[in-house]
Amino acid sequence: MDYIELQCKISSEKIQDISEILIAELNEIGYESYDETEEGINAYILEKFFDLNKIKDLQVNQIQGVEIIYSHEIIKTQNWNAVWEKSFEPILIDDKCIIRAPFHTNTPKAQYEIIIEPKMSFGTGHHETTYLMLKTMLEIDFNEKIVLDMGCGTGVLAILASHKHAKKITAIDIDEWAYNNTLENIQKNNCTNIEVYQGDASLLKDQKFDIIVANINRNILMDDIKHYASVLNSHGILLLSGIYDKDMSMIRDVTSENDLNYISHIEKHSWVAVKFHKN
């Protein structure tokens with residue numbers, strides 16, 4: 001599968017603020033990941049979903065005093081590794097967990113080491129939401145737990161759950177590329193207790209989990225929280241990210257309707273990871 005790299009050059013006194021608004025709007029129309037640049041951001045979407053008219057209709061374009069110049073190019077699947085190898089640096093989280101690529105050497109030692117083959121799948125630890133999910137997971141007891149990683153991307157969250165001695169992990173992603181990348185990464189990390197499936201929340205029938213982690217986007221989470229609640233055991237934990245702090249109130253409304261109690265959240269650059277507990 002080929003992707004489109006959308007290059008967004010922002011002319012504004014508040015590039016960071018405008019970038020956050022732009023990313024929030026791009027999330028709504030299917031963009032999956034982002035790189036910050038000195039002039040703005042680069043955003044990535046599957047070529048088949050790319051629609052230039054949707055870019056022209058973004059509300060951020062109407063903000064007074066802001067000009068955004070857009071350009072785009074196709075990123076061929078076979079070239080993606082080379083792109084990542086130029087920019088993918090190891091990530092160390094709380095001195096406890098390091099995420100590195102197979103080509104990294106001389107990385108710091110940590111309690112948990114995760115090797116990720118950096119392809120197009122979302123979830124290397126560089127994006128705020130993945131970082132926040134991993135950071136929160138480090139404080140949760142996974143020992144002998146049954147775990148679901150929904151929207152698994154690279155499988156990085158499932159792999160950390162495995163390293164933390166979860167009994168069984170189910171990893172699901174709708175994207176074929178993510179599905180295959182997760183299979184590859186669980187082999188690289190010698191995880192024998194992770195089962196990977198391609199699909200969506202419809203696969204969750206007749207299953208039960210102690211912990212569910214879902215790092216997707218606001219709209220999918222809003223639609224799927226009811227499914228997560230139905231398969232989460234009593235006193236189980238639901239950990240969500242892929243949302244901004246401004247989305248917290250609507251997420252909390254939906255979780256409350258589904259018998260899920262807010263416990264806590266952490267924030268980075270306006271992104272949040274939120275923990276809930278089932279009654």
# chains A, B, ... in the order shown; residues from 1 in each chain; ligands from 1
>>> residues_around(residues="A:Ile220", least_positions_apart="2", cutoff="10 Å", atoms="only C-alpha atoms", output="count of residues only")
14
>>> select_by_dssp(residues="stretch 26-219 of chain A", states="helix (DSSP H, G or I)", output="PyMOL selection string")
chain A and resi 26-28+47-49+52-56+59-62+77-87+128-137+156-163+176-188+201-204+218-219
>>> closest_atom_pairs(of="stretch 107-201 of chain A", to="stretch 88-99 of chain A", cutoff="6 Å", atoms="only C-alpha atoms", output="Markdown table")
| residue | atom | partner | partner_atom | distance |
| --- | --- | --- | --- | --- |
| A:Ala110 | CA | A:Lys96 | CA | 5.0 |
| A:Gln111 | CA | A:Lys96 | CA | 5.1 |
| A:Tyr112 | CA | A:Cys97 | CA | 4.6 |
| A:Glu113 | CA | A:Ile98 | CA | 5.0 |
| A:Ile114 | CA | A:Ile99 | CA | 4.8 |
| A:Ile115 | CA | A:Ile99 | CA | 5.9 |
>>> write_last_selection(atoms="C-alpha atoms", output="PDB file, in the first residue's frame")
ATOM      1  CA  ALA A 110      16.153  -0.709  30.493  1.00  0.00           C
ATOM      2  CA  GLN A 111      13.872  -3.149  32.259  1.00  0.00           C
ATOM      3  CA  TYR A 112      11.811  -3.571  29.099  1.00  0.00           C
ATOM      4  CA  GLU A 113      13.305  -3.501  25.607  1.00  0.00           C
ATOM      5  CA  ILE A 114      11.000  -3.466  22.592  1.00  0.00           C
ATOM      6  CA  ILE A 115      12.281  -3.862  19.042  1.00  0.00           C
TER       7      ILE A 115
END
>>> residues_around(residues="A:Phe276", least_positions_apart="6", cutoff="6 Å", atoms="only C-alpha atoms", output="JSON, numbers by chain")
{"A": [237, 238, 260, 261, 262, 263]}
>>> residues_around(residues="A:Ala158", least_positions_apart="6", cutoff="8 Å", atoms="only C-alpha atoms", output="list in words")
Val147, Leu148, Asp149, Cys152, Ile169, Thr170, Ala171 and Ile194 of chain A
